[in-house]
Structures are given as C-alpha cells and as structure tokens.
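The structure under discussion appears below in the form of structure tokens.
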Amino acid sequence: MKKLLIAALATLAFCVPVSAAKATLPIYVTNRSALPDSAVRNDLRAFQRNIRDIRAWWGGPYRQLRFVKAAPPGHWRINIVKDENQGYLGYHDLDNELTPYAVIDVVEGYSWTNTFSHELEEMWVDPFIDQYAFPVPGLPCIKEIADPVESETLGYYRLAYDGSKVLLSDFVGPAWFNSANKAGPYDFMGFTTMPWQVLADGYQWCGQ
C-alpha cells in the first residue's frame with residue numbers, strides 16, 4: 001500500500017499485443033481521473049513490462065492489462081481516480097465478491113505511474129492480502145513488496161508505446177523476507193543489502 005499522509009512512513013478494450021496462447025487472465029484498467037485516456041493507454045506497455053519483471057522474481061500466471069471504460073465483475077482491476085484526498089496515493093483490497101482490485105489516486109506532485117506500478121506489484125504477490133513472513137518467530141509481517149523501497153528515487157523506467165520513459169516502482173524479492181538468506185539479491189534494483197532492510201521513505205507493516 002503506497003501511503004501519502006500516514007505517520008508510519010519511515011521517511012475498445014485496449015490491450016498489449018500478445019500471442020493468442022498467452023492472452024489469458026486480464027487485469028482491467030479504468031480511468032476516472034483528469035489524465036487523458038490516451039496517456040493511460042500509452043503507458044500500458046511499460047506496466048506490462050513491469051509484470052514481466054515481477055513474474056521473473058515471484059512467478060505467477062501471465063496476465064494481460066486491458067484498458068476499458070468499465071471493468072466487468074469478477075475480474076482483477078486497477079482504477080485510476082482523481083485526487084480523492086484519502087490519505088493514500090494508492091491501495092489494493094478485495095471487493096464484496098473477494099475479487100482483488102487496486103485504486104490509484106492521481107495527486108499533483110507525485111508520480112501516478114510509480115503508484116500504479118507499486119500497487120500492481122503488491123496486488124500480484126498478495127492479491128488476497130493474506131501472505132505473511134516472519135523476521136522472528138511470532139512476528140507476522142505482511143508481504144507488501146513495494147513498501148520497503150517505495151521512494152520514487154529508487155524506481156526504474158520502462159518505455160511507453162511512444163518511446164517515452166515511464167517511472168515504475170522498485171520491489172523486493174523473496175530473499176528479502178528470508179532472514180537466513182545472506183546472498184540476495186533482495187530487491188529488483190539492488191539497493192537493499194540484507195533481509196528486512198527498509199530504505200528511506202519506506203516502511204514495513206508487522207504485528208498482529
């Protein structure tokens with residue numbers, strides 16, 4: 001969950017072209033913000049590459065991002081909204097039918113693409129918000145893989161359809177949650193040097 005004002009901070013369906021064999025599970029993307037639909041469509045190429053990066057570290061089935069005006073029920077979705085001043089830049093949750101979804105709040109002064117990537121990464125690894133790791137016995141910590149390295153300064157870039165650079169969020173890998181792992185790598189960009197290391201502007205939720 002990418003947070004904006006929380007004190008716990010440590011500091012057409014448009015689709016990406018793929019083969020028919022791969023076009024399986026969709027993640028629907030909707031836009032109710034002031035962003036032009038064309039801008040969101042353009043950046044889907046970078047977010048689809050983000051999925052490839054996540055899968056290389058965490059696995060999971062292939063999923064295809066599809067831009068639509070309204071997402072059909074029962075499918076994963078990411079909703080981009082206008083600044084709703086909820087205290088969060090983004091979050092992911094489950095709806096009443098227990099279907100994963102994410103909300104991206106477009107807030108001036110913050111990168112919405114970094115937030116989109118952040119929530120996509122975390123929804124991918126923990127879609128039902130039930131995955132935990134234990135740095136020490138008896139201390140559960142939720143597996144939110146972008147939170148410990150969420151600063152925009154730690155992000156990386158993939159290209160949009162028009163060739164422009166799109167800022168994506170760094171994320172930690174399985175080794176980061178393994179206290180016994182001394183070899184790494186611990187995060188995609190290589191900034192962390194040990195398990196459970198939280199970098200500036202990041203955080204990690206732990207406790208009952």
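In the structure tokens, each chain is lettered A, B, ... as it comes, each chain's residues begin at 1, and ligands are numbered from 1 in order of appearance.
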
Enumerate, in order of chain and increasing residue number, the residues of segment 112-143 of chain A with an atom no farther than 10 Å from segment 68-87 of chain A, each with its shortest atom pair and distance in Å to one decimal, counting only C-alpha atoms, as a Markdown table.
```
| residue | atom | partner | partner_atom | distance |
| --- | --- | --- | --- | --- |
| A:Trp112 | CA | A:Ile80 | CA | 8.7 |
| A:Phe116 | CA | A:Ile78 | CA | 8.1 |
| A:Glu119 | CA | A:Ile78 | CA | 8.6 |
| A:Leu120 | CA | A:Ile78 | CA | 8.0 |
| A:Met123 | CA | A:Trp76 | CA | 9.3 |
| A:Pro127 | CA | A:Trp76 | CA | 9.1 |
```

Write a file of the just-selected residues containing C-alpha atoms, as a PDB file, in the first residue's frame.
```
ATOM      1  CA  TRP A 112       0.938   8.244 -10.705  1.00  0.00           C
ATOM      2  CA  PHE A 116       0.295   2.269 -10.351  1.00  0.00           C
ATOM      3  CA  GLU A 119       0.040  -1.381  -6.354  1.00  0.00           C
ATOM      4  CA  LEU A 120       0.317  -3.705  -9.349  1.00  0.00           C
ATOM      5  CA  MET A 123      -1.549  -6.993  -5.772  1.00  0.00           C
ATOM      6  CA  PRO A 127      -3.861 -10.387  -4.103  1.00  0.00           C
TER       7      PRO A 127
END
```

Exercise for the section: Skip segment 32-46 of chain A itself and residues of its chain fewer than 6 positions away, then list as a ChimeraX atom specification all residues within 12 Å of it, counting only C-alpha atoms. Expected result: /A:12-18,52-53,64-70,78-84,103-108,112-114,116-117,120,156-169

Practice task
Using only C-alpha atoms, find the one residue out of A:Ser179, A:Gln131, A:Thr192, A:Gln48 that sits nearest to Leu154 of chain A.
Solution key: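 Ranked by minimum distance to Leu154 of chain A, first place goes to A:Thr192.
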
Fill in the blank from the handout: Ala175 of chain A proximity check over A:His118, A:Phe128, A:Asp93, A:Trp58, using only C-alpha atoms: winner is A:Trp58

Would you please extract all alpha helix (DSSP H) residues from segment 16-151 of chain A, as assigned by DSSP on the backbone, and give them as a compact mmCIF listing (two decimals) with N, CA and C atoms, in the first residue's frame?
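Result saved to selection.txt:
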```txt
# COMPACT_ATOMS: atom_id res chain seq x y z
N ASP A 37 -7.30 9.51 -21.39
CA ASP A 37 -7.28 8.07 -21.61
C ASP A 37 -6.10 7.66 -22.47
N SER A 38 -5.75 8.50 -23.42
CA SER A 38 -4.64 8.18 -24.33
C SER A 38 -3.33 8.05 -23.57
N ALA A 39 -3.15 8.85 -22.52
CA ALA A 39 -1.92 8.76 -21.73
C ALA A 39 -1.85 7.44 -20.97
N VAL A 40 -2.98 7.01 -20.43
CA VAL A 40 -3.02 5.74 -19.72
C VAL A 40 -2.75 4.59 -20.68
N ARG A 41 -3.41 4.60 -21.84
CA ARG A 41 -3.19 3.56 -22.84
C ARG A 41 -1.72 3.50 -23.26
N ASN A 42 -1.15 4.67 -23.46
CA ASN A 42 0.24 4.74 -23.91
C ASN A 42 1.18 4.08 -22.91
N ASP A 43 0.91 4.24 -21.63
CA ASP A 43 1.82 3.73 -20.60
C ASP A 43 1.61 2.25 -20.29
N LEU A 44 0.55 1.65 -20.81
CA LEU A 44 0.31 0.24 -20.52
C LEU A 44 1.46 -0.66 -20.97
N ARG A 45 2.16 -0.25 -21.99
CA ARG A 45 3.30 -1.06 -22.45
C ARG A 45 4.34 -1.18 -21.34
N ALA A 46 4.63 -0.08 -20.65
CA ALA A 46 5.60 -0.11 -19.55
C ALA A 46 5.09 -0.96 -18.39
N PHE A 47 3.80 -0.84 -18.08
CA PHE A 47 3.24 -1.62 -16.98
C PHE A 47 3.22 -3.12 -17.32
N GLN A 48 3.00 -3.45 -18.58
CA GLN A 48 3.04 -4.85 -18.97
C GLN A 48 4.46 -5.40 -18.81
N ARG A 49 5.45 -4.58 -19.11
CA ARG A 49 6.84 -4.99 -18.88
C ARG A 49 7.11 -5.11 -17.37
N ASN A 50 6.48 -4.26 -16.60
CA ASN A 50 6.57 -4.36 -15.14
C ASN A 50 6.10 -5.74 -14.67
N ILE A 51 5.00 -6.22 -15.26
CA ILE A 51 4.51 -7.56 -14.93
C ILE A 51 5.56 -8.61 -15.25
N ARG A 52 6.23 -8.47 -16.38
CA ARG A 52 7.28 -9.43 -16.72
C ARG A 52 8.39 -9.41 -15.68
N ASP A 53 8.75 -8.22 -15.21
CA ASP A 53 9.77 -8.10 -14.17
C ASP A 53 9.33 -8.78 -12.88
N ILE A 54 8.09 -8.55 -12.48
CA ILE A 54 7.58 -9.16 -11.25
C ILE A 54 7.57 -10.68 -11.37
N ARG A 55 7.07 -11.18 -12.50
CA ARG A 55 6.98 -12.63 -12.68
C ARG A 55 8.35 -13.29 -12.64
N ALA A 56 9.38 -12.60 -13.13
CA ALA A 56 10.72 -13.17 -13.12
C ALA A 56 11.21 -13.42 -11.69
N TRP A 57 10.70 -12.64 -10.74
CA TRP A 57 11.11 -12.77 -9.33
C TRP A 57 10.12 -13.57 -8.51
N TRP A 58 8.84 -13.44 -8.81
CA TRP A 58 7.80 -14.00 -7.95
C TRP A 58 6.94 -15.06 -8.63
N TRP A 112 2.02 9.23 -10.72
CA TRP A 112 0.94 8.24 -10.70
C TRP A 112 1.40 6.91 -11.28
N THR A 113 2.38 6.95 -12.20
CA THR A 113 2.86 5.70 -12.78
C THR A 113 3.64 4.88 -11.74
N ASN A 114 4.38 5.56 -10.88
CA ASN A 114 5.08 4.86 -9.81
C ASN A 114 4.08 4.23 -8.84
N THR A 115 3.00 4.95 -8.55
CA THR A 115 1.97 4.41 -7.67
C THR A 115 1.26 3.24 -8.34
N PHE A 116 0.93 3.36 -9.61
CA PHE A 116 0.29 2.27 -10.35
C PHE A 116 1.17 1.02 -10.28
N SER A 117 2.45 1.18 -10.59
CA SER A 117 3.38 0.06 -10.54
C SER A 117 3.46 -0.53 -9.14
N HIS A 118 3.53 0.32 -8.13
CA HIS A 118 3.59 -0.11 -6.73
C HIS A 118 2.42 -1.02 -6.38
N GLU A 119 1.22 -0.59 -6.70
CA GLU A 119 0.04 -1.38 -6.35
C GLU A 119 -0.09 -2.63 -7.23
N LEU A 120 0.31 -2.53 -8.48
CA LEU A 120 0.32 -3.70 -9.35
C LEU A 120 1.24 -4.77 -8.78
N GLU A 121 2.42 -4.37 -8.35
CA GLU A 121 3.39 -5.31 -7.79
C GLU A 121 2.84 -5.98 -6.53
N GLU A 122 2.24 -5.19 -5.66
CA GLU A 122 1.76 -5.75 -4.39
C GLU A 122 0.50 -6.59 -4.58
N MET A 123 -0.37 -6.18 -5.48
CA MET A 123 -1.55 -6.99 -5.77
C MET A 123 -1.14 -8.31 -6.42
N TRP A 124 -0.08 -8.30 -7.19
CA TRP A 124 0.39 -9.52 -7.83
C TRP A 124 0.81 -10.56 -6.80
N VAL A 125 1.61 -10.15 -5.83
CA VAL A 125 2.18 -11.09 -4.86
C VAL A 125 1.21 -11.44 -3.74
```

Exercise for the section: Take atom CA of Tyr132 of chain A and atom CA of Gln208 of chain A and report the distance between them in Å, one decimal. Expected result: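 These atoms are spaced 10.8 Å apart.
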
Handout entry: Atomic separation - atom CA of Ala183 of chain A relative to atom CA of Asp201 of chain A, Å
Key =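 Taking atom CA of Asp201 of chain A as the start and atom CA of Ala183 of chain A as the end point, the length is 24.4 Å.
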
Handout entry: strand (DSSP E or B) call set, DSSP backbone run, segment 111-202 of chain A, as a list in words
Key =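 So the strand (DSSP E or B) residues in segment 111-202 of chain A would be Tyr132, Ala133, Cys141, Ile142, Tyr156, Tyr157, Arg158, Leu159, Lys165, Val166, Leu167, Leu168, Val172 and Asp187 of chain A.
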
Exercise for the section: Give me, please, the distance in Å between atom CA of Ser151 of chain A and atom CA of His92 of chain A, quoted to one decimal. Expected result: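 One can read the atom CA of Ser151 of chain A to atom CA of His92 of chain A distance as 18.1 Å.
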
Within 8 Å of Val172 of chain A, counting only C-alpha atoms, which residues qualify if same-chain residues fewer than 5 places away don't, as a short mmCIF file (atom, residue, chain, number, x, y, z; two decimals) with N, CA and C atoms, in the first residue's frame?
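Below you can see part_29.cif, which holds the result:
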```cif
data_model
loop_
_atom_site.label_atom_id
_atom_site.label_comp_id
_atom_site.auth_asym_id
_atom_site.auth_seq_id
_atom_site.Cartn_x
_atom_site.Cartn_y
_atom_site.Cartn_z
N ILE A 145 5.40 -5.93 -1.23
CA ILE A 145 6.75 -5.97 -1.75
C ILE A 145 7.31 -4.62 -2.20
N ALA A 146 6.47 -3.60 -2.35
CA ALA A 146 6.97 -2.30 -2.77
C ALA A 146 7.19 -1.34 -1.60
N PRO A 148 8.87 -1.41 1.31
CA PRO A 148 10.19 -1.14 1.89
C PRO A 148 11.09 -0.28 1.00
N VAL A 149 10.78 -0.21 -0.28
CA VAL A 149 11.62 0.53 -1.24
C VAL A 149 10.75 1.46 -2.08
N TYR A 186 18.12 -8.84 -3.04
CA TYR A 186 16.98 -8.61 -2.17
C TYR A 186 15.91 -7.72 -2.79
N ASP A 187 16.28 -6.87 -3.73
CA ASP A 187 15.27 -6.07 -4.43
C ASP A 187 15.67 -5.93 -5.89
N PHE A 188 14.71 -5.59 -6.72
CA PHE A 188 14.91 -5.57 -8.17
C PHE A 188 16.05 -4.65 -8.59
#
```

Exercise for the section: Just the residues within 7 Å of Cys206 of chain A, please, counting only C-alpha atoms, with nothing from its chain fewer than 5 positions along; format it as a list in words. Expected result: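 Near neighbours after the sequence-gap exclusion: Leu139, Pro140, Cys141 and Ile142 of chain A.
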
Suppose we keep N, CA and C atoms; can you now write the selection as a CSV table (one decimal), in the first residue's frame?
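See again05.csv below for the written result:
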```csv
chain,number,residue,atom,x,y,z
A,139,LEU,N,6.3,-13.0,15.0
A,139,LEU,CA,6.1,-11.6,14.5
A,139,LEU,C,5.7,-11.6,13.0
A,140,PRO,N,4.4,-11.6,12.7
A,140,PRO,CA,4.0,-11.7,11.3
A,140,PRO,C,4.1,-10.3,10.6
A,141,CYS,N,4.7,-10.3,9.4
A,141,CYS,CA,4.8,-9.1,8.6
A,141,CYS,C,4.2,-9.4,7.2
A,142,ILE,N,3.3,-8.5,6.8
A,142,ILE,CA,2.6,-8.7,5.6
A,142,ILE,C,3.5,-8.5,4.4
```
